[in-house]
>>> print(open('query_17.cif').read())   # mmCIF, C-alpha atoms (C1' of nucleotides)
data_work
#
loop_
_atom_site.label_atom_id
_atom_site.label_comp_id
_atom_site.auth_asym_id
_atom_site.auth_seq_id
_atom_site.Cartn_x
_atom_site.Cartn_y
_atom_site.Cartn_z
CA MET A 29 166.07 242.18 123.31
CA LEU A 30 169.28 243.16 121.58
CA PHE A 31 169.96 239.69 120.19
CA THR A 32 167.63 237.32 118.36
CA THR A 33 165.91 234.49 120.19
CA ALA A 34 167.99 232.01 118.20
CA THR A 35 171.14 233.59 119.66
CA GLY A 36 169.68 233.39 123.15
CA TYR A 37 168.85 229.72 122.59
CA ALA A 38 172.40 229.07 121.33
CA LEU A 39 173.94 230.70 124.39
CA ARG A 40 171.71 228.74 126.73
CA ALA A 41 172.45 225.51 124.89
CA LEU A 42 176.21 225.93 124.93
CA ALA A 43 176.09 226.71 128.63
CA GLY A 44 173.82 223.74 129.23
CA LEU A 45 176.13 221.13 127.73
CA PRO A 46 177.92 218.89 130.23
CA GLU A 47 181.28 220.21 131.38
CA ASP A 48 183.01 216.83 131.21
CA GLY A 49 183.02 216.77 127.41
CA SER A 50 180.51 213.95 127.07
CA PHE A 51 177.99 214.04 124.24
CA CYS A 52 174.50 215.36 124.93
CA LEU A 53 171.33 214.77 122.95
CA ALA A 54 169.59 217.75 121.37
CA LYS A 55 166.21 216.71 122.71
CA ASP A 56 167.56 216.34 126.25
CA LEU A 57 169.03 219.83 126.10
CA ALA A 58 165.79 221.20 124.71
CA ALA A 59 163.72 219.61 127.46
CA ARG A 60 166.07 220.77 130.20
CA LEU A 61 166.29 224.36 128.94
CA ASP A 62 162.66 224.64 127.80
CA ILE A 63 163.51 225.38 124.16
CA PRO A 64 161.49 224.04 121.18
CA GLY A 65 163.25 220.78 120.26
CA PRO A 66 163.42 220.85 116.44
CA TYR A 67 164.34 224.52 116.45
CA LEU A 68 167.19 223.95 118.88
CA ALA A 69 168.40 221.04 116.73
CA LYS A 70 168.66 223.42 113.77
CA ILE A 71 170.60 225.92 115.84
CA LEU A 72 172.99 223.26 117.13
CA GLN A 73 173.67 222.10 113.57
CA GLY A 74 174.59 225.67 112.72
CA LEU A 75 176.96 225.82 115.65
CA VAL A 76 178.63 222.66 114.34
CA GLN A 77 179.27 224.42 111.03
CA SER A 78 180.64 227.42 112.95
CA ASP A 79 183.03 224.98 114.62
CA LEU A 80 181.80 225.75 118.12
CA LEU A 81 180.24 222.30 118.51
CA GLU A 82 181.02 218.83 117.22
CA SER A 83 178.41 216.17 116.69
CA VAL A 84 178.15 212.41 116.39
CA ARG A 85 175.16 210.62 114.87
CA GLY A 86 173.44 207.51 116.02
CA PRO A 87 173.08 205.92 119.46
CA LYS A 88 175.47 207.37 122.05
CA GLY A 89 175.78 210.38 119.75
CA GLY A 90 174.91 214.00 120.40
CA PHE A 91 176.71 217.32 120.68
CA ARG A 92 179.63 218.64 122.69
CA LEU A 93 181.84 221.73 122.75
CA THR A 94 184.91 221.73 120.52
CA ARG A 95 186.78 223.79 123.13
CA PRO A 96 186.56 224.20 126.90
CA ALA A 97 183.74 226.54 127.89
CA HIS A 98 186.09 229.21 129.17
CA ARG A 99 187.63 229.51 125.72
CA ILE A 100 184.38 230.27 123.87
CA THR A 101 183.29 233.88 124.20
CA VAL A 102 179.75 235.19 124.03
CA GLY A 103 180.91 237.40 121.18
CA GLU A 104 181.91 234.41 119.09
CA VAL A 105 178.47 232.90 119.49
CA VAL A 106 176.72 236.15 118.62
CA ALA A 107 178.96 236.56 115.57
CA ALA A 108 178.21 233.01 114.47
CA LEU A 109 174.44 233.55 114.68
CA GLU A 110 174.08 237.19 113.64
CA GLY A 111 177.23 237.98 111.73
CA PRO A 112 180.35 239.82 112.85
CA ASP A 113 178.90 243.32 112.43
CA SER A 114 175.62 242.96 114.24
CA LEU A 115 176.27 245.98 116.46
CA ASP A 116 177.29 248.27 113.63
CA GLY A 117 174.99 250.83 112.12
CA CYS A 118 173.17 253.84 113.51
CA ILE A 119 170.95 253.13 116.49
CA MET A 120 168.22 255.18 114.82
CA GLY A 121 168.74 253.72 111.37
CA PHE A 122 170.00 256.91 109.75
CA PRO A 123 171.89 255.68 106.73
CA THR A 124 174.29 258.62 106.76
CA CYS A 125 174.94 258.77 110.50
CA GLY A 126 178.59 259.02 111.49
CA GLY A 127 181.62 261.19 110.93
CA ASP A 128 180.40 264.59 109.86
CA HIS A 129 176.69 263.79 110.25
CA PRO A 130 176.31 262.13 113.69
CA CYS A 131 172.81 261.56 115.02
CA PRO A 132 172.06 262.88 118.53
CA LEU A 133 172.61 259.46 120.04
CA HIS A 134 175.69 258.68 117.99
CA GLU A 135 178.23 259.36 120.68
CA ALA A 136 176.26 257.74 123.50
CA TRP A 137 175.52 254.70 121.37
CA GLY A 138 179.12 254.45 120.27
CA ALA A 139 180.29 254.29 123.86
CA VAL A 140 177.58 251.78 124.60
CA LYS A 141 178.49 249.55 121.67
CA ALA A 142 182.12 249.54 122.71
CA GLN A 143 181.15 248.56 126.21
CA VAL A 144 178.84 245.78 125.04
CA ALA A 145 181.45 244.53 122.58
CA THR A 146 184.06 244.43 125.31
CA SER A 147 181.73 242.59 127.65
CA MET A 148 180.92 240.11 124.94
CA THR A 149 184.54 239.30 124.22
CA GLN A 150 185.30 238.94 127.92
CA ALA A 151 182.29 236.88 128.96
CA THR A 152 182.62 233.19 128.11
CA ILE A 153 180.31 230.21 128.09
CA ARG A 154 181.89 229.31 131.39
CA ASP A 155 180.42 232.48 132.89
CA LEU A 156 177.02 231.42 131.62
CA GLN A 157 177.38 228.00 133.22
CA LEU A 158 177.81 229.72 136.58
CA MET A 159 174.30 231.12 136.12
CA ASP A 160 172.82 227.75 137.07
CA LEU A 161 170.36 227.32 134.25
CA ARG A 162 168.36 224.68 136.09
CA HIS A 163 165.97 227.33 137.34
CA LEU A 164 164.72 227.81 133.77
CA LYS A 165 163.02 224.44 133.79
CA GLU A 166 161.98 224.77 137.43
CA ALA A 167 160.38 228.14 136.75
CA LYS A 168 158.42 226.56 133.91
CA ASP A 169 157.28 223.63 136.05
CA ARG A 170 156.11 225.92 138.84
CA SER A 171 154.16 228.08 136.42
CA GLY A 172 151.82 225.26 135.47
CA GLY A 173 153.31 222.79 132.99
CA SER A 174 151.82 222.85 129.50
CA ARG A 175 151.68 226.06 127.63
CA PRO A 176 148.81 227.14 125.33
CA MET B 12 169.95 248.63 114.60
CA LEU B 13 168.48 248.89 118.06
CA PHE B 14 165.20 250.39 116.85
CA THR B 15 162.93 249.25 114.03
CA THR B 16 163.09 250.90 110.63
CA ALA B 17 159.60 252.30 111.22
CA THR B 18 160.93 254.13 114.29
CA GLY B 19 163.83 255.47 112.27
CA TYR B 20 161.44 256.68 109.59
CA ALA B 21 159.27 258.36 112.25
CA LEU B 22 162.25 260.18 113.74
CA ARG B 23 163.43 261.35 110.33
CA ALA B 24 159.94 262.47 109.41
CA LEU B 25 159.35 264.45 112.58
CA ALA B 26 162.71 266.14 112.15
CA GLY B 27 161.94 266.82 108.51
CA LEU B 28 158.71 268.73 109.09
CA PRO B 29 158.92 272.51 108.62
CA GLU B 30 159.82 274.40 111.76
CA ASP B 31 157.31 277.19 111.14
CA GLY B 32 154.32 275.00 111.97
CA SER B 33 152.96 274.88 108.43
CA PHE B 34 151.41 271.67 107.14
CA CYS B 35 153.50 269.33 105.05
CA LEU B 36 152.34 266.60 102.67
CA ALA B 37 153.28 263.00 103.41
CA LYS B 38 154.47 262.39 99.89
CA ASP B 39 156.68 265.49 99.92
CA LEU B 40 158.30 264.35 103.14
CA ALA B 41 158.76 260.86 101.73
CA ALA B 42 160.43 262.15 98.58
CA ARG B 43 162.70 264.51 100.49
CA LEU B 44 163.81 261.90 103.04
CA ASP B 45 163.90 258.96 100.62
CA ILE B 46 161.31 256.88 102.52
CA PRO B 47 158.64 254.70 100.83
CA GLY B 48 155.62 256.98 100.50
CA PRO B 49 152.67 254.77 101.49
CA TYR B 50 154.62 253.30 104.38
CA LEU B 51 155.53 256.71 105.72
CA ALA B 52 151.88 257.75 105.44
CA LYS B 53 150.92 254.84 107.69
CA ILE B 54 153.56 255.80 110.21
CA LEU B 55 152.46 259.43 110.22
CA GLN B 56 148.87 258.34 110.85
CA GLY B 57 150.08 256.40 113.86
CA LEU B 58 151.93 259.45 115.14
CA VAL B 59 148.67 261.40 114.87
CA GLN B 60 147.01 258.82 117.13
CA SER B 61 149.93 259.11 119.54
CA ASP B 62 149.25 262.85 119.59
CA LEU B 63 152.70 263.76 118.33
CA LEU B 64 151.31 265.01 115.01
CA GLU B 65 148.11 266.61 113.86
CA SER B 66 146.71 266.24 110.38
CA VAL B 67 144.30 268.01 108.03
CA ARG B 68 142.74 266.32 105.03
CA GLY B 69 142.15 267.75 101.63
CA PRO B 70 143.95 270.40 99.62
CA LYS B 71 146.30 272.54 101.73
CA GLY B 72 146.25 269.72 104.25
CA GLY B 73 149.10 267.60 105.55
CA PHE B 74 150.87 266.98 108.85
CA ARG B 75 152.53 269.17 111.46
CA LEU B 76 153.90 268.76 114.98
CA THR B 77 151.48 269.24 117.86
CA ARG B 78 154.28 270.74 119.95
CA PRO B 79 157.48 272.63 119.21
CA ALA B 80 160.27 270.29 118.15
CA HIS B 81 162.32 270.95 121.28
CA ARG B 82 159.45 269.63 123.41
CA ILE B 83 159.21 266.22 121.73
CA THR B 84 161.84 263.76 122.93
CA VAL B 85 163.28 260.85 120.99
CA GLY B 86 162.11 258.63 123.83
CA GLU B 87 158.50 259.64 123.28
CA VAL B 88 158.72 258.69 119.63
CA VAL B 89 160.35 255.36 120.38
CA ALA B 90 157.71 254.63 123.01
CA ALA B 91 154.93 255.50 120.57
CA LEU B 92 156.30 253.13 117.92
CA GLU B 93 157.71 250.29 120.01
CA GLY B 94 155.95 250.53 123.35
CA PRO B 95 157.18 252.03 126.61
CA ASP B 96 159.23 248.99 127.66
CA SER B 97 161.19 248.35 124.50
CA LEU B 98 164.54 248.39 126.32
CA ASP B 99 163.43 246.05 129.10
CA GLY B 100 164.29 242.40 129.14
CA CYS B 101 167.56 240.49 129.20
CA ILE B 102 169.96 241.34 126.39
CA MET B 103 170.47 237.61 125.82
CA GLY B 104 166.83 236.68 126.14
CA PHE B 105 167.17 234.71 129.35
CA PRO B 106 163.65 234.72 130.77
CA THR B 107 164.85 234.50 134.38
CA CYS B 108 167.70 237.02 134.15
CA GLY B 109 167.80 239.59 136.90
CA GLY B 110 167.96 239.86 140.68
CA ASP B 111 169.42 236.60 141.95
CA HIS B 112 170.07 235.11 138.49
CA PRO B 113 171.84 237.83 136.50
CA CYS B 114 173.36 236.89 133.15
CA PRO B 115 177.03 237.78 132.59
CA LEU B 116 176.06 240.88 130.66
CA HIS B 117 173.30 241.92 133.03
CA GLU B 118 175.21 244.62 134.85
CA ALA B 119 176.90 246.05 131.76
CA TRP B 120 173.65 246.04 129.84
CA GLY B 121 171.80 247.64 132.73
CA ALA B 122 174.22 250.55 132.79
CA VAL B 123 173.98 250.79 129.02
CA LYS B 124 170.19 250.80 129.04
CA ALA B 125 170.13 253.56 131.61
CA GLN B 126 172.49 255.61 129.51
CA VAL B 127 170.50 255.09 126.34
CA ALA B 128 167.25 255.85 128.16
CA THR B 129 168.70 259.06 129.52
CA SER B 130 169.99 260.10 126.13
CA MET B 131 166.60 259.37 124.61
CA THR B 132 164.74 261.52 127.09
CA GLN B 133 167.23 264.34 126.67
CA ALA B 134 167.52 264.34 122.89
CA THR B 135 164.62 266.06 121.16
CA ILE B 136 163.37 266.34 117.61
CA ARG B 137 165.05 269.73 117.57
CA ASP B 138 168.41 268.00 117.97
CA LEU B 139 167.59 265.84 114.99
CA GLN B 140 166.74 268.91 112.89
CA LEU B 141 170.27 270.15 113.52
CA MET B 142 171.53 267.03 111.71
CA ASP B 143 170.65 268.58 108.36
CA LEU B 144 168.77 265.72 106.80
CA ARG B 145 169.11 267.09 103.28
CA HIS B 146 172.16 264.96 102.71
CA LEU B 147 169.95 261.86 102.80
CA LYS B 148 168.38 262.76 99.48
CA GLU B 149 171.64 264.09 98.09
CA ALA B 150 173.44 260.90 99.00
CA LYS B 151 170.77 258.93 97.17
CA ASP B 152 170.99 261.15 94.08
CA ARG B 153 174.75 260.84 93.95
CA SER B 154 174.61 257.07 94.29
CA GLY B 155 172.79 256.68 91.00
CA GLY B 156 169.07 257.41 91.22
CA SER B 157 166.76 254.39 90.95
CA ARG B 158 167.22 251.50 93.29
CA PRO B 159 166.77 247.79 92.33
"C1'" DT C 6 172.54 191.98 108.42
"C1'" DT C 7 169.05 194.16 110.59
"C1'" DA C 8 166.88 197.29 113.64
"C1'" DA C 9 167.02 201.20 116.44
"C1'" DT C 10 168.83 205.79 117.40
"C1'" DT C 11 170.39 210.18 116.39
"C1'" DT C 12 172.13 214.13 113.56
"C1'" DA C 13 171.69 216.47 108.64
"C1'" DG C 14 169.02 218.88 105.69
"C1'" DG C 15 165.23 220.40 103.14
"C1'" DA C 16 160.38 221.68 102.71
"C1'" DC C 17 156.70 223.58 104.94
"C1'" DT C 18 153.71 226.61 108.32
"C1'" DA C 19 152.93 230.75 111.39
"C1'" DA C 20 153.91 235.34 112.89
"C1'" DT C 21 155.85 239.72 112.46
"C1'" DC C 22 157.70 243.57 109.93
"C1'" DT C 23 157.93 246.12 105.78
"C1'" DG C 24 155.75 247.92 102.02
"C1'" DT C 25 151.85 248.51 98.42
"C1'" DC C 26 147.20 249.28 96.84
"C1'" DC C 27 142.45 250.48 96.86
"C1'" DT C 28 138.51 252.70 98.68
"C1'" DA C 29 136.37 255.78 101.84
"C1'" DT C 30 136.07 260.33 103.97
"C1'" DT C 31 137.10 265.04 104.56
"C1'" DG C 32 138.28 269.44 103.11
"C1'" DT C 33 139.26 273.27 99.43
"C1'" DA C 34 138.38 275.66 95.31
"C1'" DT C 35 135.74 276.64 91.28
"C1'" DA D 19 126.96 271.47 93.52
"C1'" DT D 20 130.95 269.57 91.53
"C1'" DA D 21 135.59 268.30 90.97
"C1'" DC D 22 139.82 267.70 93.05
"C1'" DA D 23 143.31 266.89 96.64
"C1'" DA D 24 144.71 264.95 100.66
"C1'" DT D 25 144.49 261.88 104.95
"C1'" DA D 26 142.16 257.40 107.10
"C1'" DG D 27 141.93 252.79 107.09
"C1'" DG D 28 141.74 248.24 105.60
"C1'" DA D 29 143.19 244.44 102.63
"C1'" DC D 30 146.85 242.57 100.50
"C1'" DA D 31 151.94 241.10 99.02
"C1'" DG D 32 156.94 240.15 100.15
"C1'" DA D 33 160.81 239.24 103.36
"C1'" DT D 34 162.58 237.63 107.47
"C1'" DT D 35 162.32 235.11 111.75
"C1'" DA D 36 160.49 231.37 114.53
"C1'" DG D 37 159.15 226.88 114.64
"C1'" DT D 38 157.49 222.15 112.72
"C1'" DC D 39 157.79 217.99 110.05
"C1'" DC D 40 159.59 214.47 107.11
"C1'" DT D 41 163.19 211.90 104.90
"C1'" DA D 42 168.06 210.61 104.35
"C1'" DA D 43 172.46 209.34 106.20
"C1'" DA D 44 175.42 207.64 109.80
"C1'" DT D 45 176.44 205.05 113.88
"C1'" DT D 46 175.68 201.54 117.40
"C1'" DA D 47 173.97 197.17 119.14
"C1'" DA D 48 171.86 192.93 118.61
#
>>> encode(input="query_17.cif", output="structure tokens")
Amino acid sequence: MLFTTATGYALRALAGLPEDGSFCLAKDLAARLDIPGPYLAKILQGLVQSDLLESVRGPKGGFRLTRPAHRITVGEVVAALEGPDSLDGCIMGFPTCGGDHPCPLHEAWGAVKAQVATSMTQATIRDLQLMDLRHLKEAKDRSGGSRP
Amino acid sequence: MLFTTATGYALRALAGLPEDGSFCLAKDLAARLDIPGPYLAKILQGLVQSDLLESVRGPKGGFRLTRPAHRITVGEVVAALEGPDSLDGCIMGFPTCGGDHPCPLHEAWGAVKAQVATSMTQATIRDLQLMDLRHLKEAKDRSGGSRP
DNA sequence: TTAATTTAGGACTAATCTGTCCTATTGTAT
DNA sequence: ATACAATAGGACAGATTAGTCCTAAATTAA
């Protein structure tokens, strides 16, 4: 996949938080979205430092979005997890690709990057919520419960 | 980058082989393209098993293409190094993305994948040769010789 | 105040990718 | 035959990512 699994987990988690702004426990999110609990906790803590989430410790604590879902773009989340320039660089890894030495895929990949970047800045967490992430857990349950 | 560094090395190496069909030593290629020698040797051995290169051991040995450069596509090389389905899967890593549960980037990414796939099957090693890879080594020399 | 709950943060393990090293094995030349 | 040069292949080391585990700190409730 183009993004890391941690980024995918972060996107799922943000979309899985309750829309009413109430706090949600990391372990509940993890169970509902079928993500390894301690790993998701780490990722959520990072999102707090990136100011996309806020957290409260102790009973009745948890995580919630710092902004409404429609005001957090997918691009922001990707940038927080993978840095702001994750799409830069030659698709083939040629260190000198560009300008006067374009690789054969330079132009095609440039157009593609622009399109992906645009999509990422337009798509928001709200769009992800519309995906109905419940089927993630259901798909796991149907496929036989415990994994090896 | 979208591909692994090993794939990038493989593409550079194939493009760097002499066009007259003569055999070329792994270490010469590595020095000319500024790629770690033993690692490149491993990659070239894999390309032999993928039938993109043929090799001869001993003095006067080395590697050469099994086919003319214009008959080896970038897609073949990528498939040999990363498997035939390296572009499949949801860009965000959603395991259930597709069909009735598309992610917000599903459509854009689908179009992008098709475009990249097409470019990869159209671009050949010959196109890479036209890049003039000599500047890789020159760029390294200019930037101060030994790396940390 | 005490106990329970939950995030914060660091250390640790496992897997993969990148890269190195050493020892065959094969081929050429003397 | 012998020495030498090159690929073949495996074991090994380092870096990064994925994931686990344990302890500390903060908050609530009794």
>>> resolve_selection(input="query_17.cif", expression="the PyMOL selection byres ((chain D and resi 40) around 9)", output="JSON, numbers by chain")
{"C": [16], "D": [39, 41]}
>>> calpha_fit_and_write(input="query_17.cif", fixed="chain A", moving="chain B", output="mmCIF file with C-alpha atoms, in the frame of the given file")
data_model
loop_
_atom_site.group_PDB
_atom_site.id
_atom_site.type_symbol
_atom_site.label_atom_id
_atom_site.label_comp_id
_atom_site.auth_asym_id
_atom_site.auth_seq_id
_atom_site.Cartn_x
_atom_site.Cartn_y
_atom_site.Cartn_z
ATOM 1 C CA MET B 12 166.065 242.094 123.371
ATOM 2 C CA LEU B 13 169.241 243.130 121.628
ATOM 3 C CA PHE B 14 169.931 239.658 120.233
ATOM 4 C CA THR B 15 167.590 237.290 118.413
ATOM 5 C CA THR B 16 165.880 234.463 120.255
ATOM 6 C CA ALA B 17 167.957 231.986 118.245
ATOM 7 C CA THR B 18 171.112 233.569 119.689
ATOM 8 C CA GLY B 19 169.667 233.338 123.174
ATOM 9 C CA TYR B 20 168.842 229.682 122.619
ATOM 10 C CA ALA B 21 172.389 229.049 121.347
ATOM 11 C CA LEU B 22 173.934 230.673 124.411
ATOM 12 C CA ARG B 23 171.703 228.705 126.764
ATOM 13 C CA ALA B 24 172.442 225.492 124.918
ATOM 14 C CA LEU B 25 176.202 225.922 124.938
ATOM 15 C CA ALA B 26 176.092 226.708 128.639
ATOM 16 C CA GLY B 27 173.840 223.729 129.239
ATOM 17 C CA LEU B 28 176.149 221.118 127.734
ATOM 18 C CA PRO B 29 177.954 218.873 130.235
ATOM 19 C CA GLU B 30 181.297 220.211 131.365
ATOM 20 C CA ASP B 31 183.026 216.827 131.202
ATOM 21 C CA GLY B 32 183.068 216.772 127.404
ATOM 22 C CA SER B 33 180.559 213.948 127.051
ATOM 23 C CA PHE B 34 178.027 214.051 124.231
ATOM 24 C CA CYS B 35 174.553 215.339 124.927
ATOM 25 C CA LEU B 36 171.367 214.761 122.932
ATOM 26 C CA ALA B 37 169.614 217.742 121.372
ATOM 27 C CA LYS B 38 166.250 216.699 122.704
ATOM 28 C CA ASP B 39 167.588 216.301 126.246
ATOM 29 C CA LEU B 40 169.050 219.785 126.126
ATOM 30 C CA ALA B 41 165.801 221.153 124.727
ATOM 31 C CA ALA B 42 163.730 219.560 127.475
ATOM 32 C CA ARG B 43 166.080 220.716 130.215
ATOM 33 C CA LEU B 44 166.276 224.318 128.977
ATOM 34 C CA ASP B 45 162.650 224.568 127.837
ATOM 35 C CA ILE B 46 163.497 225.319 124.181
ATOM 36 C CA PRO B 47 161.514 223.958 121.189
ATOM 37 C CA GLY B 48 163.286 220.728 120.264
ATOM 38 C CA PRO B 49 163.432 220.802 116.451
ATOM 39 C CA TYR B 50 164.369 224.467 116.464
ATOM 40 C CA LEU B 51 167.203 223.907 118.894
ATOM 41 C CA ALA B 52 168.429 221.022 116.737
ATOM 42 C CA LYS B 53 168.689 223.397 113.780
ATOM 43 C CA ILE B 54 170.607 225.905 115.846
ATOM 44 C CA LEU B 55 172.996 223.257 117.136
ATOM 45 C CA GLN B 56 173.666 222.123 113.567
ATOM 46 C CA GLY B 57 174.589 225.685 112.702
ATOM 47 C CA LEU B 58 176.951 225.841 115.662
ATOM 48 C CA VAL B 59 178.630 222.687 114.343
ATOM 49 C CA GLN B 60 179.250 224.474 111.035
ATOM 50 C CA SER B 61 180.626 227.453 112.947
ATOM 51 C CA ASP B 62 183.015 225.014 114.619
ATOM 52 C CA LEU B 63 181.782 225.793 118.111
ATOM 53 C CA LEU B 64 180.254 222.324 118.496
ATOM 54 C CA GLU B 65 181.031 218.880 117.210
ATOM 55 C CA SER B 66 178.430 216.207 116.664
ATOM 56 C CA VAL B 67 178.194 212.424 116.353
ATOM 57 C CA ARG B 68 175.228 210.670 114.798
ATOM 58 C CA GLY B 69 173.561 207.524 115.929
ATOM 59 C CA PRO B 70 173.144 205.929 119.332
ATOM 60 C CA LYS B 71 175.502 207.372 121.961
ATOM 61 C CA GLY B 72 175.816 210.391 119.704
ATOM 62 C CA GLY B 73 174.931 214.006 120.379
ATOM 63 C CA PHE B 74 176.726 217.338 120.665
ATOM 64 C CA ARG B 75 179.660 218.643 122.679
ATOM 65 C CA LEU B 76 181.840 221.754 122.731
ATOM 66 C CA THR B 77 184.912 221.768 120.507
ATOM 67 C CA ARG B 78 186.776 223.818 123.111
ATOM 68 C CA PRO B 79 186.580 224.215 126.874
ATOM 69 C CA ALA B 80 183.746 226.523 127.888
ATOM 70 C CA HIS B 81 186.096 229.211 129.186
ATOM 71 C CA ARG B 82 187.632 229.513 125.712
ATOM 72 C CA ILE B 83 184.380 230.266 123.876
ATOM 73 C CA THR B 84 183.268 233.880 124.201
ATOM 74 C CA VAL B 85 179.724 235.190 124.023
ATOM 75 C CA GLY B 86 180.894 237.408 121.181
ATOM 76 C CA GLU B 87 181.884 234.404 119.096
ATOM 77 C CA VAL B 88 178.441 232.902 119.503
ATOM 78 C CA VAL B 89 176.697 236.145 118.635
ATOM 79 C CA ALA B 90 178.915 236.551 115.579
ATOM 80 C CA ALA B 91 178.165 232.995 114.469
ATOM 81 C CA LEU B 92 174.403 233.546 114.710
ATOM 82 C CA GLU B 93 174.037 237.180 113.669
ATOM 83 C CA GLY B 94 177.175 237.986 111.715
ATOM 84 C CA PRO B 95 180.306 239.804 112.844
ATOM 85 C CA ASP B 96 178.870 243.310 112.409
ATOM 86 C CA SER B 97 175.592 242.949 114.242
ATOM 87 C CA LEU B 98 176.264 245.970 116.469
ATOM 88 C CA ASP B 99 177.303 248.255 113.616
ATOM 89 C CA GLY B 100 174.996 250.802 112.117
ATOM 90 C CA CYS B 101 173.175 253.816 113.513
ATOM 91 C CA ILE B 102 170.943 253.096 116.493
ATOM 92 C CA MET B 103 168.194 255.122 114.808
ATOM 93 C CA GLY B 104 168.728 253.687 111.362
ATOM 94 C CA PHE B 105 169.988 256.872 109.760
ATOM 95 C CA PRO B 106 171.901 255.637 106.723
ATOM 96 C CA THR B 107 174.302 258.596 106.736
ATOM 97 C CA CYS B 108 174.951 258.741 110.488
ATOM 98 C CA GLY B 109 178.573 259.002 111.485
ATOM 99 C CA GLY B 110 181.631 261.180 110.943
ATOM 100 C CA ASP B 111 180.371 264.591 109.871
ATOM 101 C CA HIS B 112 176.660 263.753 110.251
ATOM 102 C CA PRO B 113 176.307 262.113 113.668
ATOM 103 C CA CYS B 114 172.805 261.547 115.024
ATOM 104 C CA PRO B 115 172.055 262.881 118.522
ATOM 105 C CA LEU B 116 172.596 259.456 120.023
ATOM 106 C CA HIS B 117 175.678 258.659 117.978
ATOM 107 C CA GLU B 118 178.240 259.363 120.659
ATOM 108 C CA ALA B 119 176.293 257.740 123.492
ATOM 109 C CA TRP B 120 175.538 254.702 121.382
ATOM 110 C CA GLY B 121 179.145 254.437 120.261
ATOM 111 C CA ALA B 122 180.346 254.284 123.847
ATOM 112 C CA VAL B 123 177.614 251.784 124.626
ATOM 113 C CA LYS B 124 178.501 249.564 121.686
ATOM 114 C CA ALA B 125 182.130 249.520 122.710
ATOM 115 C CA GLN B 126 181.163 248.532 126.213
ATOM 116 C CA VAL B 127 178.850 245.778 125.053
ATOM 117 C CA ALA B 128 181.452 244.523 122.582
ATOM 118 C CA THR B 129 184.061 244.403 125.308
ATOM 119 C CA SER B 130 181.744 242.583 127.665
ATOM 120 C CA MET B 131 180.909 240.097 124.934
ATOM 121 C CA THR B 132 184.522 239.280 124.219
ATOM 122 C CA GLN B 133 185.282 238.935 127.912
ATOM 123 C CA ALA B 134 182.280 236.873 128.963
ATOM 124 C CA THR B 135 182.608 233.196 128.106
ATOM 125 C CA ILE B 136 180.300 230.210 128.077
ATOM 126 C CA ARG B 137 181.875 229.298 131.394
ATOM 127 C CA ASP B 138 180.403 232.465 132.892
ATOM 128 C CA LEU B 139 177.008 231.418 131.630
ATOM 129 C CA GLN B 140 177.372 227.980 133.244
ATOM 130 C CA LEU B 141 177.783 229.741 136.580
ATOM 131 C CA MET B 142 174.258 231.138 136.109
ATOM 132 C CA ASP B 143 172.767 227.784 137.074
ATOM 133 C CA LEU B 144 170.306 227.340 134.264
ATOM 134 C CA ARG B 145 168.298 224.703 136.107
ATOM 135 C CA HIS B 146 165.908 227.337 137.340
ATOM 136 C CA LEU B 147 164.664 227.806 133.772
ATOM 137 C CA LYS B 148 162.972 224.425 133.811
ATOM 138 C CA GLU B 149 161.928 224.784 137.431
ATOM 139 C CA ALA B 150 160.351 228.143 136.744
ATOM 140 C CA LYS B 151 158.384 226.583 133.906
ATOM 141 C CA ASP B 152 157.236 223.659 136.065
ATOM 142 C CA ARG B 153 156.094 225.963 138.829
ATOM 143 C CA SER B 154 154.178 228.167 136.416
ATOM 144 C CA GLY B 155 151.809 225.370 135.492
ATOM 145 C CA GLY B 156 153.258 222.911 132.987
ATOM 146 C CA SER B 157 151.803 223.064 129.467
ATOM 147 C CA ARG B 158 151.820 226.315 127.605
ATOM 148 C CA PRO B 159 149.000 227.536 125.271
#
>>> interface_residues(input="query_17.cif", of="chain D", to="chain B", cutoff="10 Å", atoms="all atoms listed in the file", output="list in words")
DC22, DA23, DA24, DT25, DA26 and DG27 of chain D
>>> atom_distance(input="query_17.cif", atom1="CA of Val102 (chain A)", atom2="CA of Gln150 (chain A)")
7.7 Å
>>> interface_residues(input="query_17.cif", of="chain B", to="chain A", cutoff="8 Å", atoms="all atoms listed in the file", output="ChimeraX atom specification")
/B:12-16,18-19,22-23,97-107,112-116,119-120,123,126-127,130-131,134,138-139,142-143,146-147
>>> closest_atom_pairs(input="query_17.cif", of="chain C", to="chain B", cutoff="7 Å", atoms="only C-alpha atoms (C1' of nucleotides)", output="JSON lines")
{"residue": "C:DG24", "atom": "C1'", "partner": "B:Tyr50", "partner_atom": "CA", "distance": 6.0}
{"residue": "C:DT31", "atom": "C1'", "partner": "B:Arg68", "partner_atom": "CA", "distance": 5.8}
{"residue": "C:DG32", "atom": "C1'", "partner": "B:Gly69", "partner_atom": "CA", "distance": 4.5}
{"residue": "C:DT33", "atom": "C1'", "partner": "B:Pro70", "partner_atom": "CA", "distance": 5.5}
>>> atom_distance(input="query_17.cif", atom1="C1' of DC22 (chain C)", atom2="CA of Ala42 (chain B)")
21.9 Å
>>> resolve_selection(input="query_17.cif", expression="the PyMOL selection byres ((chain C and resi 26) around 10)", output="short mmCIF file (atom, residue, chain, number, x, y, z; two decimals) with C-alpha atoms (C1' of nucleotides), keeping the file's coordinate frame")
data_model
loop_
_atom_site.label_atom_id
_atom_site.label_comp_id
_atom_site.auth_asym_id
_atom_site.auth_seq_id
_atom_site.Cartn_x
_atom_site.Cartn_y
_atom_site.Cartn_z
CA PRO B 49 152.67 254.77 101.49
"C1'" DT C 25 151.85 248.51 98.42
"C1'" DC C 27 142.45 250.48 96.86
"C1'" DT C 28 138.51 252.70 98.68
"C1'" DA D 29 143.19 244.44 102.63
"C1'" DC D 30 146.85 242.57 100.50
"C1'" DA D 31 151.94 241.10 99.02
#
